[in-house]
file run-v3.txt (compact mmCIF, C-alpha atoms)
# COMPACT_ATOMS: atom_id res chain seq x y z
CA MET A 1205 119.78 93.33 77.61
CA LEU A 1206 117.12 96.01 77.05
CA ASP A 1207 114.45 93.40 76.30
CA ALA A 1208 115.46 91.49 79.42
CA LEU A 1209 115.33 94.64 81.57
CA VAL A 1210 111.83 95.57 80.40
CA LYS A 1211 110.69 91.98 80.97
CA PHE A 1212 112.22 92.01 84.47
CA VAL A 1213 110.42 95.25 85.41
CA ARG A 1214 107.12 93.87 84.16
CA GLU A 1215 107.62 90.72 86.22
CA GLN A 1216 108.05 92.82 89.37
CA TYR A 1217 104.84 94.78 88.79
CA ARG A 1218 102.95 91.87 87.23
CA THR A 1219 101.36 93.92 84.47
CA ASN A 1220 101.52 94.46 80.74
CA GLU A 1221 100.07 97.94 81.13
CA PHE A 1222 102.06 101.17 81.31
CA ILE A 1223 104.41 101.23 84.32
CA PRO A 1224 105.04 104.71 85.78
CA LEU A 1225 108.29 105.79 87.40
CA HIS A 1226 106.82 106.24 90.87
CA ALA A 1227 103.12 106.10 91.70
CA PRO A 1228 101.53 106.52 95.15
CA ILE A 1229 100.04 103.59 97.03
CA PHE A 1230 96.84 104.13 99.04
CA GLY A 1231 96.23 101.01 101.05
CA GLY A 1232 95.63 102.30 104.57
CA ASN A 1233 93.43 104.86 106.30
CA GLU A 1234 93.65 107.52 103.59
CA LYS A 1235 89.94 107.57 102.67
CA SER A 1236 88.84 107.34 106.28
CA TYR A 1237 91.00 110.24 107.44
CA VAL A 1238 90.14 112.47 104.48
CA LEU A 1239 86.43 111.85 104.98
CA GLU A 1240 86.90 112.69 108.65
CA THR A 1241 88.28 116.09 107.69
CA ILE A 1242 85.36 116.69 105.34
CA ASP A 1243 82.86 115.78 108.05
CA SER A 1244 84.64 118.14 110.45
CA THR A 1245 84.49 121.00 107.86
CA PHE A 1246 88.11 121.86 108.83
CA VAL A 1247 89.59 121.20 105.40
CA SER A 1248 91.93 124.18 105.12
CA SER A 1249 95.00 125.18 107.13
CA VAL A 1250 93.51 124.68 110.59
CA GLY A 1251 92.65 121.19 111.77
CA ALA A 1252 93.62 118.30 113.97
CA PHE A 1253 95.45 116.39 111.25
CA VAL A 1254 97.95 119.21 110.64
CA ASP A 1255 99.02 119.08 114.29
CA ARG A 1256 99.03 115.29 114.27
CA PHE A 1257 101.11 115.09 111.10
CA GLU A 1258 103.72 117.39 112.59
CA ARG A 1259 103.89 115.46 115.86
CA ASP A 1260 104.05 112.11 114.05
CA MET A 1261 106.88 113.38 111.85
CA GLU A 1262 108.80 114.58 114.89
CA ALA A 1263 108.51 111.12 116.39
CA TYR A 1264 109.56 109.42 113.16
CA THR A 1265 112.57 111.59 112.34
CA GLY A 1266 113.69 112.47 115.85
CA SER A 1267 113.53 116.18 115.02
CA PRO A 1268 112.54 118.44 117.97
CA ARG A 1269 110.13 120.35 115.73
CA ALA A 1270 108.41 119.61 112.43
CA VAL A 1271 106.40 122.30 110.63
CA ALA A 1272 104.13 121.31 107.75
CA THR A 1273 104.12 123.42 104.59
CA VAL A 1274 102.22 123.50 101.33
CA ASN A 1275 105.12 121.96 99.40
CA GLY A 1276 108.78 121.12 99.71
CA THR A 1277 109.95 124.22 97.87
CA ALA A 1278 108.14 126.46 100.36
CA ALA A 1279 109.78 124.51 103.18
CA LEU A 1280 113.19 125.02 101.63
CA HIS A 1281 112.60 128.74 101.10
CA VAL A 1282 111.77 129.29 104.76
CA ALA A 1283 114.58 126.96 105.88
CA LEU A 1284 117.12 129.15 104.08
CA MET A 1285 115.63 132.24 105.69
CA LEU A 1286 115.94 130.56 109.09
CA ALA A 1287 119.60 129.88 108.28
CA GLY A 1288 120.13 133.62 107.81
CA VAL A 1289 120.41 133.64 104.02
CA LYS A 1290 119.85 137.17 102.73
CA ALA A 1291 119.80 139.01 99.42
CA GLY A 1292 123.27 139.11 97.93
CA ASP A 1293 124.53 136.06 99.83
CA LEU A 1294 125.97 132.94 98.25
CA VAL A 1295 124.95 129.35 99.04
CA LEU A 1296 127.13 126.36 98.19
CA THR A 1297 125.10 123.57 96.62
CA GLN A 1298 125.26 120.82 94.01
CA PRO A 1299 124.48 121.24 90.30
CA LEU A 1300 122.98 117.74 90.09
CA THR A 1301 119.60 118.32 91.75
CA PHE A 1302 115.98 119.21 91.08
CA VAL A 1303 115.50 122.87 90.21
CA ALA A 1304 113.61 123.63 93.46
CA THR A 1305 116.91 123.49 95.36
CA CYS A 1306 118.23 126.47 93.40
CA ASN A 1307 114.90 128.25 93.10
CA ALA A 1308 114.59 128.44 96.88
CA ILE A 1309 118.00 130.11 97.02
CA ALA A 1310 116.86 132.61 94.39
CA TYR A 1311 113.66 133.35 96.35
CA CYS A 1312 115.93 134.70 99.10
CA GLY A 1313 117.70 136.98 96.64
CA ALA A 1314 120.80 134.84 97.05
CA GLU A 1315 122.85 132.98 94.46
CA PRO A 1316 123.98 129.35 94.23
CA VAL A 1317 127.60 128.31 93.91
CA PHE A 1318 127.86 124.93 92.24
CA ILE A 1319 130.23 122.37 93.76
CA ASP A 1320 130.88 118.92 92.31
CA VAL A 1321 129.22 115.74 93.59
CA ASP A 1322 130.60 112.38 94.66
CA LYS A 1323 129.89 109.49 92.29
CA HIS A 1324 129.04 107.07 95.11
CA THR A 1325 126.39 109.31 96.71
CA LEU A 1326 125.36 111.44 93.70
CA GLY A 1327 125.34 114.28 96.26
CA LEU A 1328 127.49 117.24 97.29
CA SER A 1329 131.16 116.34 97.69
CA PRO A 1330 132.84 117.53 100.92
CA ALA A 1331 136.29 117.16 99.32
CA ALA A 1332 135.32 119.22 96.28
CA MET A 1333 133.80 121.86 98.54
CA GLU A 1334 136.96 122.09 100.64
CA CYS A 1335 139.09 122.48 97.51
CA TRP A 1336 136.89 125.27 96.16
CA LEU A 1337 136.84 127.12 99.47
CA GLN A 1338 140.61 126.88 99.83
CA GLU A 1339 141.10 128.40 96.39
CA PHE A 1340 138.35 131.01 96.21
CA ALA A 1341 137.23 131.90 99.75
CA TYR A 1342 138.59 133.32 103.00
CA LEU A 1343 137.40 133.98 106.55
CA ASP A 1344 137.25 137.67 107.46
CA SER A 1345 138.07 139.13 110.88
CA ASP A 1346 134.51 138.49 112.07
CA GLY A 1347 134.61 134.85 111.01
CA ALA A 1348 132.38 135.32 107.96
CA CYS A 1349 133.18 133.24 104.89
CA ARG A 1350 133.67 135.44 101.83
CA VAL A 1351 134.61 135.06 98.17
CA LYS A 1352 138.07 136.50 97.59
CA GLU A 1353 137.24 138.24 94.34
CA SER A 1354 133.89 139.88 95.23
CA ASP A 1355 133.84 139.83 99.05
CA LYS A 1356 130.33 138.39 98.90
CA ILE A 1357 129.37 136.37 101.96
CA ILE A 1358 128.98 132.62 101.58
CA ARG A 1359 126.25 132.05 104.13
CA ALA A 1360 125.22 128.44 103.89
CA CYS A 1361 125.72 124.99 102.43
CA LEU A 1362 122.74 123.20 100.87
CA PRO A 1363 123.29 119.47 100.15
CA MET A 1364 120.53 117.35 98.61
CA HIS A 1365 120.22 113.62 99.36
CA THR A 1366 119.82 112.42 95.78
CA PHE A 1367 117.21 109.71 95.21
CA GLY A 1368 117.28 109.03 98.96
CA HIS A 1369 121.02 108.31 99.22
CA PRO A 1370 122.59 110.36 102.06
CA VAL A 1371 125.55 112.58 101.28
CA GLU A 1372 128.77 112.19 103.30
CA LEU A 1373 127.50 114.20 106.25
CA ASP A 1374 130.34 113.85 108.77
CA PRO A 1375 133.05 115.33 106.51
CA LEU A 1376 130.57 117.88 105.17
CA ILE A 1377 129.80 119.06 108.70
CA GLU A 1378 133.53 119.25 109.44
CA VAL A 1379 134.17 121.47 106.41
CA CYS A 1380 131.20 123.71 107.17
CA THR A 1381 132.24 124.10 110.82
CA ARG A 1382 135.73 125.25 109.86
CA TRP A 1383 134.42 127.71 107.29
CA GLY A 1384 131.51 129.06 109.35
CA LEU A 1385 128.77 127.82 107.02
CA VAL A 1386 125.24 126.94 108.12
CA ILE A 1387 123.97 123.59 106.79
CA VAL A 1388 120.45 123.38 105.38
CA GLU A 1389 119.59 119.83 104.28
CA ASP A 1390 117.36 119.28 101.28
CA ALA A 1391 115.99 115.91 102.35
CA ALA A 1392 113.04 116.13 99.97
CA GLU A 1393 113.80 112.69 98.53
CA SER A 1394 115.13 110.93 101.61
CA LEU A 1395 112.28 110.43 104.07
CA GLY A 1396 113.19 107.25 105.93
CA SER A 1397 116.88 107.37 104.94
CA LEU A 1398 119.45 107.16 107.72
CA TYR A 1399 123.06 108.28 107.98
CA LYS A 1400 124.82 106.23 110.66
CA GLY A 1401 121.47 105.49 112.26
CA ARG A 1402 120.18 109.07 112.29
CA HIS A 1403 117.49 110.46 110.02
CA THR A 1404 118.52 112.72 107.16
CA GLY A 1405 117.32 116.28 107.55
CA THR A 1406 118.27 116.39 111.24
CA PHE A 1407 122.02 117.07 110.91
CA GLY A 1408 121.96 120.68 109.75
CA ALA A 1409 120.51 123.75 111.43
CA VAL A 1410 117.38 123.10 109.36
CA GLY A 1411 116.17 120.32 107.08
CA THR A 1412 113.26 119.92 104.69
CA LEU A 1413 111.08 117.10 103.35
CA SER A 1414 108.70 116.81 100.41
CA PHE A 1415 105.43 114.91 100.08
CA ASN A 1416 104.74 115.49 96.39
CA GLY A 1417 102.66 112.87 94.58
CA ASN A 1418 105.79 111.03 93.42
CA LYS A 1419 107.54 110.84 96.79
CA THR A 1420 107.84 107.84 99.14
CA ILE A 1421 104.76 109.07 100.99
CA THR A 1422 102.48 111.77 99.64
CA THR A 1423 100.03 114.39 100.84
CA GLY A 1424 99.23 115.27 97.23
CA GLY A 1425 101.46 118.31 97.62
CA GLY A 1426 103.23 119.19 100.82
CA GLY A 1427 106.48 119.64 102.66
CA MET A 1428 107.97 119.80 106.15
CA ILE A 1429 110.58 121.85 107.92
CA LEU A 1430 112.70 120.00 110.50
CA ALA A 1431 114.43 122.14 113.12
CA GLY A 1432 115.19 122.69 116.79
CA GLU A 1433 112.64 124.22 119.14
CA ALA A 1434 113.56 127.88 118.57
CA LEU A 1435 113.90 127.74 114.81
CA GLY A 1436 110.85 125.48 114.61
CA ALA A 1437 108.72 128.03 116.42
CA ARG A 1438 110.03 130.72 114.08
CA ALA A 1439 109.23 128.51 111.07
CA LYS A 1440 105.67 128.06 112.27
CA HIS A 1441 105.24 131.81 112.65
CA LEU A 1442 106.66 132.65 109.22
CA THR A 1443 104.68 129.96 107.40
CA THR A 1444 101.37 131.06 108.96
CA THR A 1445 101.49 134.65 107.62
CA ALA A 1446 103.38 135.88 110.73
CA LYS A 1447 100.04 136.18 112.55
CA LYS A 1448 100.18 136.74 116.30
CA ALA A 1449 97.80 134.69 118.40
CA HIS A 1450 94.61 136.62 119.27
CA PRO A 1451 90.98 135.60 119.80
CA TYR A 1452 89.74 137.76 116.91
CA GLU A 1453 92.19 140.47 115.81
CA TYR A 1454 94.36 140.16 112.69
CA VAL A 1455 97.83 141.19 113.82
CA HIS A 1456 100.81 140.32 111.62
CA ASP A 1457 104.10 141.50 113.06
CA GLU A 1458 106.32 141.02 109.97
CA VAL A 1459 106.24 139.83 106.39
CA GLY A 1460 105.02 136.23 106.53
CA TYR A 1461 104.11 133.54 104.06
CA ASN A 1462 100.90 131.64 103.45
CA TYR A 1463 102.74 128.33 103.28
CA ARG A 1464 100.40 126.32 105.52
CA LEU A 1465 99.52 122.72 104.67
CA PRO A 1466 95.74 122.17 104.43
CA ASN A 1467 94.13 119.74 106.84
CA LEU A 1468 92.90 117.60 103.94
CA ASN A 1469 96.48 117.03 102.79
CA ALA A 1470 97.71 116.41 106.33
CA ALA A 1471 95.03 113.72 106.78
CA LEU A 1472 96.40 111.93 103.74
CA GLY A 1473 99.92 112.32 105.14
CA CYS A 1474 99.01 110.80 108.50
CA ALA A 1475 97.60 107.72 106.80
CA GLN A 1476 100.64 107.44 104.53
CA LEU A 1477 103.09 107.84 107.40
CA GLU A 1478 101.48 104.89 109.19
CA GLN A 1479 102.63 102.73 106.25
CA LEU A 1480 106.05 104.28 105.67
CA ASP A 1481 108.10 101.48 107.22
CA SER A 1482 106.34 98.89 105.06
CA PHE A 1483 106.85 101.08 101.99
CA ILE A 1484 110.58 101.31 102.65
CA THR A 1485 110.84 97.57 103.27
CA ALA A 1486 109.19 96.92 99.90
CA LYS A 1487 111.36 99.48 98.13
CA ARG A 1488 114.55 98.01 99.57
CA VAL A 1489 113.54 94.53 98.45
CA LEU A 1490 112.88 95.86 94.95
CA ALA A 1491 116.26 97.62 94.96
CA ALA A 1492 117.99 94.38 95.97
CA ARG A 1493 116.25 92.58 93.11
CA TYR A 1494 117.39 95.22 90.63
CA GLN A 1495 120.94 95.00 91.94
CA SER A 1496 121.00 91.22 91.64
CA PHE A 1497 119.47 91.24 88.14
CA LEU A 1498 121.89 93.89 86.84
CA GLU A 1499 125.03 92.35 88.33
CA GLY A 1500 127.60 91.55 85.67
CA GLY A 1501 125.74 93.49 82.98
CA PRO A 1502 126.43 96.81 81.26
CA PHE A 1503 124.53 98.91 83.79
CA GLN A 1504 125.90 99.79 87.23
CA PHE A 1505 123.24 99.91 89.95
CA VAL A 1506 123.55 102.80 92.41
CA VAL A 1507 123.70 101.33 95.92
CA GLU A 1508 123.32 103.04 99.28
CA PRO A 1509 126.56 104.58 100.67
CA GLN A 1510 128.41 102.62 103.33
CA GLY A 1511 127.03 103.17 106.84
CA CYS A 1512 123.71 104.44 105.49
CA ARG A 1513 120.21 103.14 105.00
CA SER A 1514 118.65 104.53 101.85
CA ASN A 1515 114.92 104.59 101.21
CA TYR A 1516 115.75 103.90 97.53
CA TRP A 1517 113.14 106.48 96.53
CA LEU A 1518 114.17 106.16 92.89
CA ASN A 1519 116.31 103.27 91.75
CA ALA A 1520 119.15 104.52 89.57
CA ILE A 1521 121.61 102.93 87.18
CA ILE A 1522 124.75 104.30 85.51
CA CYS A 1523 125.10 103.60 81.80
CA GLU A 1524 128.42 103.21 80.03
CA ASP A 1525 128.00 106.40 78.00
CA LEU A 1526 125.46 108.88 76.62
CA GLY A 1527 124.64 106.70 73.64
CA GLN A 1528 123.73 103.74 75.79
CA ARG A 1529 121.69 106.01 78.08
CA ASP A 1530 119.66 107.39 75.18
CA GLU A 1531 119.11 103.92 73.71
CA LEU A 1532 117.78 102.68 77.06
CA LEU A 1533 115.47 105.67 77.51
CA ALA A 1534 114.02 105.37 74.02
CA PHE A 1535 113.54 101.59 74.15
CA SER A 1536 111.97 101.37 77.61
CA ASN A 1537 109.59 104.28 77.18
CA GLN A 1538 108.49 103.00 73.78
CA ALA A 1539 107.79 99.66 75.52
CA GLY A 1540 105.55 101.34 78.10
CA VAL A 1541 108.03 101.18 80.98
CA MET A 1542 108.78 104.67 82.19
CA THR A 1543 112.42 105.55 82.74
CA ARG A 1544 113.93 109.01 82.90
CA PRO A 1545 117.36 110.62 82.83
CA ILE A 1546 118.78 112.44 85.81
CA TRP A 1547 118.20 116.19 85.76
CA LYS A 1548 120.15 118.54 83.55
CA LEU A 1549 122.81 120.28 85.60
CA MET A 1550 121.51 123.47 87.19
CA SER A 1551 124.55 125.25 85.76
CA HIS A 1552 123.17 124.47 82.28
CA LEU A 1553 119.83 126.20 82.93
CA PRO A 1554 119.48 129.81 81.73
CA ALA A 1555 118.57 131.12 85.19
CA TYR A 1556 121.78 129.77 86.76
CA SER A 1557 124.22 129.62 83.85
CA SER A 1558 126.23 132.57 85.15
CA SER A 1559 126.53 131.27 88.73
CA LEU A 1560 129.92 130.60 90.27
CA ARG A 1561 131.05 127.00 90.07
CA GLY A 1562 133.91 124.66 90.73
CA GLU A 1563 135.16 121.85 88.53
CA LEU A 1564 132.06 119.75 87.90
CA THR A 1565 133.78 116.66 86.53
CA ASN A 1566 131.67 114.04 88.31
CA ALA A 1567 128.40 115.92 87.85
CA LEU A 1568 128.98 116.25 84.10
CA TRP A 1569 129.90 112.56 83.86
CA LEU A 1570 126.78 111.47 85.76
CA GLU A 1571 124.49 113.81 83.82
CA GLN A 1572 125.23 111.80 80.68
CA ARG A 1573 124.82 108.37 82.24
CA VAL A 1574 122.25 108.13 85.08
CA VAL A 1575 118.79 106.70 84.42
CA ASN A 1576 115.98 106.09 86.90
CA LEU A 1577 114.01 102.84 86.76
CA PRO A 1578 110.42 102.26 87.95
CA SER A 1579 110.45 102.45 91.74
CA SER A 1580 106.85 102.38 92.97
CA VAL A 1581 106.10 100.24 96.00
CA VAL A 1582 105.22 96.69 94.97
CA PRO A 1583 102.33 95.86 97.36
CA GLU A 1584 103.26 92.18 97.54
CA LEU A 1585 106.64 93.13 99.02
CA GLN A 1586 105.22 95.14 101.92
CA VAL A 1587 105.73 93.67 105.37

call {"tool": "encode", "arguments": {"input": "run-v3.txt", "output": "structure tokens"}}
result
Amino acid sequence: MLDALVKFVREQYRTNEFIPLHAPIFGGNEKSYVLETIDSTFVSSVGAFVDRFERDMEAYTGSPRAVATVNGTAALHVALMLAGVKAGDLVLTQPLTFVATCNAIAYCGAEPVFIDVDKHTLGLSPAAMECWLQEFAYLDSDGACRVKESDKIIRACLPMHTFGHPVELDPLIEVCTRWGLVIVEDAAESLGSLYKGRHTGTFGAVGTLSFNGNKTITTGGGGMILAGEALGARAKHLTTTAKKAHPYEYVHDEVGYNYRLPNLNAALGCAQLEQLDSFITAKRVLAARYQSFLEGGPFQFVVEPQGCRSNYWLNAIICEDLGQRDELLAFSNQAGVMTRPIWKLMSHLPAYSSSLRGELTNALWLEQRVVNLPSSVVPELQV
């Protein structure tokens, strides 16, 4: 089966050379737009393409405001601040995620609380969160959610849409509403993914996107905050060093952050966004081919949740056990076809090993079994 899988991947990409996990595709106006920024001399954080990228992203996602940032982690840091997360607070999140999710919580001086995931979404489980809250939390007389043992405030809930597959948002919203928790969506991996027809990152008070070099579209490095008008304006102020508008004076009215996306990167993003629909079409065709090829075999292909449209950022399979996972990883990488395991659980990392957590049964099971397969856009599949 391993030989057949490597052969199948090579047939999709039509090469005997090394096949990366996810490489960017530059087939549109990228060079033209970047050269335009160079000719304009506005290559840093001020320029027409920054504004354009934000407006284009608003139109694409349906978010009232989009604020470009230097990377997705910076976007997530500010998003948590906008949600009111403060030093000493707790934030409910999933242990099965990229480390930036937890790092952004730590930047605020807050701490993560790890809640189990659902196997069918690979993301935060509303049922597991409800169970943990019922057992360990209470609402005080002011309506604040607190941990029974320490009285620490649980301020927010931070789900991450793993590999582009939306979490169960409706029940998650219902749980958070009853417990007074603000939702911040880590949609770093799910640009173009829809939950019941609506773009991920637009359900919570704030959402974030990432445009790292390995994402569905890239600006080289970059991120975006999605929010309503008021929070969006606040995000813009905080990410531009909290500088008040003035013809020549430097007036900063609070601690701000130099999280602005350079115009050069935004130019690349505008060109990439023009091709996003064709990228997603190609990725969904590739995902369907993987699913068909793997049907009836030892590996279970991870499909989009019911009622959702996933961008299939990274195609994922579930192995039978840890031994089979390790055999697949070793064989494919030795053969020049890049595969990788899912992340180690955040609760296993030294920085977060002492964090509060619930029963992580599904997360531990998935940690030992999930493998990502090559998922770059196949140009021939673009429409």

call {"tool": "atom_distance", "arguments": {"input": "run-v3.txt", "atom1": "atom CA of A:Leu1328", "atom2": "atom CA of A:Thr1297"}}
result
6.8 Å

call {"tool": "atom_distance", "arguments": {"input": "run-v3.txt", "atom1": "atom CA of A:Leu1532", "atom2": "atom CA of A:Pro1224"}}
result
15.6 Å

call {"tool": "residues_around", "arguments": {"input": "run-v3.txt", "residues": "stretch 1267-1283 of chain A", "least_positions_apart": "4", "cutoff": "9 Å", "atoms": "only C-alpha atoms", "output": "PyMOL selection string"}}
result
chain A and resi 1254-1255+1257-1263+1287-1288+1304-1305+1307-1312+1388-1390+1392+1403+1405-1406+1409-1416+1425-1437+1439-1440+1442-1443+1461-1466+1469-1470

call {"tool": "residues_around", "arguments": {"input": "run-v3.txt", "residues": "A:Asp1293", "least_positions_apart": "6", "cutoff": "12 Å", "atoms": "only C-alpha atoms", "output": "list of chain:residue names"}}
result
A:Leu1284, A:Met1285, A:Ala1287, A:Ile1309, A:Ala1310, A:Tyr1311, A:Cys1312, A:Gly1313, A:Ala1314, A:Glu1315, A:Pro1316, A:Val1317, A:Ala1348, A:Cys1349, A:Arg1350, A:Val1351, A:Ser1354, A:Asp1355, A:Lys1356, A:Ile1357, A:Ile1358, A:Arg1359, A:Ala1360, A:Cys1361, A:Leu1385

call {"tool": "closest_residue", "arguments": {"input": "run-v3.txt", "among": "A:Asp1322, A:Glu1334, A:Glu1339, A:Glu1393", "to": "A:Val1379", "atoms": "all atoms listed in the file"}}
result
A:Glu1334

call {"tool": "residues_near_point", "arguments": {"input": "run-v3.txt", "point": "(128.1, 117.2, 86.8)", "cutoff": "9 Å", "atoms": "only C-alpha atoms", "output": "list in words"}}
result
Gln1298, Pro1299, Leu1300, Ile1319, Asp1320, Val1321, Lys1548, Leu1549, Ser1551, Glu1563, Leu1564, Thr1565, Asn1566, Ala1567, Leu1568, Trp1569, Leu1570, Glu1571 and Gln1572 of chain A

call {"tool": "residues_around", "arguments": {"input": "run-v3.txt", "residues": "stretch 1205-1211 of chain A", "least_positions_apart": "4", "cutoff": "10 Å", "atoms": "only C-alpha atoms", "output": "VMD selection string"}}
result
chain A and resid 1215 to 1216 1218 1220 1494 1497 to 1498 1501 to 1503 1531 to 1533 1535 to 1537 1539 to 1542 1577

call {"tool": "closest_atom_pairs", "arguments": {"input": "run-v3.txt", "of": "stretch 1348-1422 of chain A", "to": "stretch 1477-1491 of chain A", "cutoff": "12 Å", "atoms": "only C-alpha atoms", "output": "Markdown table"}}
result
| residue | atom | partner | partner_atom | distance |
| --- | --- | --- | --- | --- |
| A:Gly1368 | CA | A:Ile1484 | CA | 10.9 |
| A:Ser1394 | CA | A:Ile1484 | CA | 10.7 |
| A:Leu1395 | CA | A:Leu1480 | CA | 8.9 |
| A:Gly1396 | CA | A:Ile1484 | CA | 7.3 |
| A:Ser1397 | CA | A:Ile1484 | CA | 9.0 |
| A:Leu1398 | CA | A:Ile1484 | CA | 11.8 |
| A:Phe1415 | CA | A:Leu1477 | CA | 10.4 |
| A:Lys1419 | CA | A:Phe1483 | CA | 11.1 |
| A:Thr1420 | CA | A:Phe1483 | CA | 7.4 |
| A:Ile1421 | CA | A:Leu1477 | CA | 6.7 |
| A:Thr1422 | CA | A:Leu1477 | CA | 8.7 |

call {"tool": "axis_aligned_box", "arguments": {"input": "run-v3.txt", "around": "stretch 1532-1536 of chain A", "padding_each_side": "3 Å", "output": "AutoDock Vina command-line options"}}
result
--center_x 114.9 --center_y 103.5 --center_z 75.8 --size_x 11.8 --size_y 10.3 --size_z 9.6

call {"tool": "atom_distance", "arguments": {"input": "run-v3.txt", "atom1": "atom CA of A:Gly1231", "atom2": "atom CA of A:Phe1505"}}
result
29.2 Å

call {"tool": "closest_residue", "arguments": {"input": "run-v3.txt", "among": "A:Val1295, A:Ala1252, A:Ala1475, A:Leu1362", "to": "A:Leu1560", "atoms": "all atoms listed in the file"}}
result
A:Val1295

call {"tool": "closest_residue", "arguments": {"input": "run-v3.txt", "among": "A:Glu1372, A:Lys1448, A:Ala1341, A:Gly1417", "to": "A:Gly1473", "atoms": "all atoms listed in the file"}}
result
A:Gly1417

call {"tool": "residues_around", "arguments": {"input": "run-v3.txt", "residues": "A:Val1371", "least_positions_apart": "2", "cutoff": "6 Å", "atoms": "all atoms listed in the file", "output": "list of chain:residue names"}}
result
A:Thr1325, A:Gly1327, A:His1365, A:Leu1373

call {"tool": "write_last_selection", "arguments": {"input": "run-v3.txt", "atoms": "C-alpha atoms", "output": "tab-separated table (two decimals), keeping the file's coordinate frame"}}
result
chain	number	residue	atom	x	y	z
A	1325	THR	CA	126.39	109.31	96.71
A	1327	GLY	CA	125.34	114.28	96.26
A	1365	HIS	CA	120.22	113.62	99.36
A	1373	LEU	CA	127.50	114.20	106.25

call {"tool": "closest_residue", "arguments": {"input": "run-v3.txt", "among": "A:Cys1474, A:Leu1286, A:Leu1225, A:Val1575", "to": "A:Arg1438", "atoms": "all atoms listed in the file"}}
result
A:Leu1286

call {"tool": "closest_residue", "arguments": {"input": "run-v3.txt", "among": "A:Trp1547, A:Tyr1556, A:Tyr1264, A:Phe1222", "to": "A:Arg1573", "atoms": "all atoms listed in the file"}}
result
A:Trp1547

call {"tool": "closest_residue", "arguments": {"input": "run-v3.txt", "among": "A:Lys1400, A:Ser1559, A:Ser1580, A:Ala1534", "to": "A:Cys1306", "atoms": "only C-alpha atoms"}}
result
A:Ser1559

call {"tool": "build_atoms", "arguments": {"input": "run-v3.txt", "residues": "stretch 1532-1545 of chain A", "atoms": "N, CA and C atoms", "output": "compact mmCIF listing (two decimals), keeping the file's coordinate frame"}}
result
# COMPACT_ATOMS: atom_id res chain seq x y z
N LEU A 1532 118.61 103.24 76.00
CA LEU A 1532 117.78 102.68 77.06
C LEU A 1532 116.50 103.49 77.26
N LEU A 1533 116.64 104.81 77.31
CA LEU A 1533 115.47 105.67 77.51
C LEU A 1533 114.45 105.50 76.39
N ALA A 1534 114.92 105.50 75.17
CA ALA A 1534 114.02 105.37 74.02
C ALA A 1534 113.33 104.01 74.01
N PHE A 1535 114.10 102.95 74.23
CA PHE A 1535 113.54 101.59 74.15
C PHE A 1535 112.52 101.35 75.25
N SER A 1536 112.86 101.67 76.49
CA SER A 1536 111.97 101.37 77.61
C SER A 1536 110.69 102.19 77.55
N ASN A 1537 110.79 103.47 77.24
CA ASN A 1537 109.59 104.28 77.18
C ASN A 1537 108.69 103.88 76.02
N GLN A 1538 109.28 103.50 74.90
CA GLN A 1538 108.49 103.00 73.78
C GLN A 1538 107.77 101.71 74.16
N ALA A 1539 108.38 100.93 75.07
CA ALA A 1539 107.79 99.66 75.52
C ALA A 1539 106.79 99.85 76.65
N GLY A 1540 106.53 101.09 77.06
CA GLY A 1540 105.55 101.34 78.10
C GLY A 1540 106.08 101.20 79.51
N VAL A 1541 107.39 101.21 79.66
CA VAL A 1541 108.03 101.18 80.98
C VAL A 1541 108.75 102.51 81.16
N MET A 1542 108.26 103.33 82.06
CA MET A 1542 108.78 104.67 82.19
C MET A 1542 110.15 104.68 82.85
N THR A 1543 111.10 105.26 82.17
CA THR A 1543 112.42 105.55 82.74
C THR A 1543 112.68 107.02 82.46
N ARG A 1544 113.61 107.60 83.18
CA ARG A 1544 113.93 109.01 82.90
C ARG A 1544 115.40 109.26 83.21
N PRO A 1545 115.97 110.26 82.53
CA PRO A 1545 117.36 110.62 82.83
C PRO A 1545 117.41 111.44 84.11
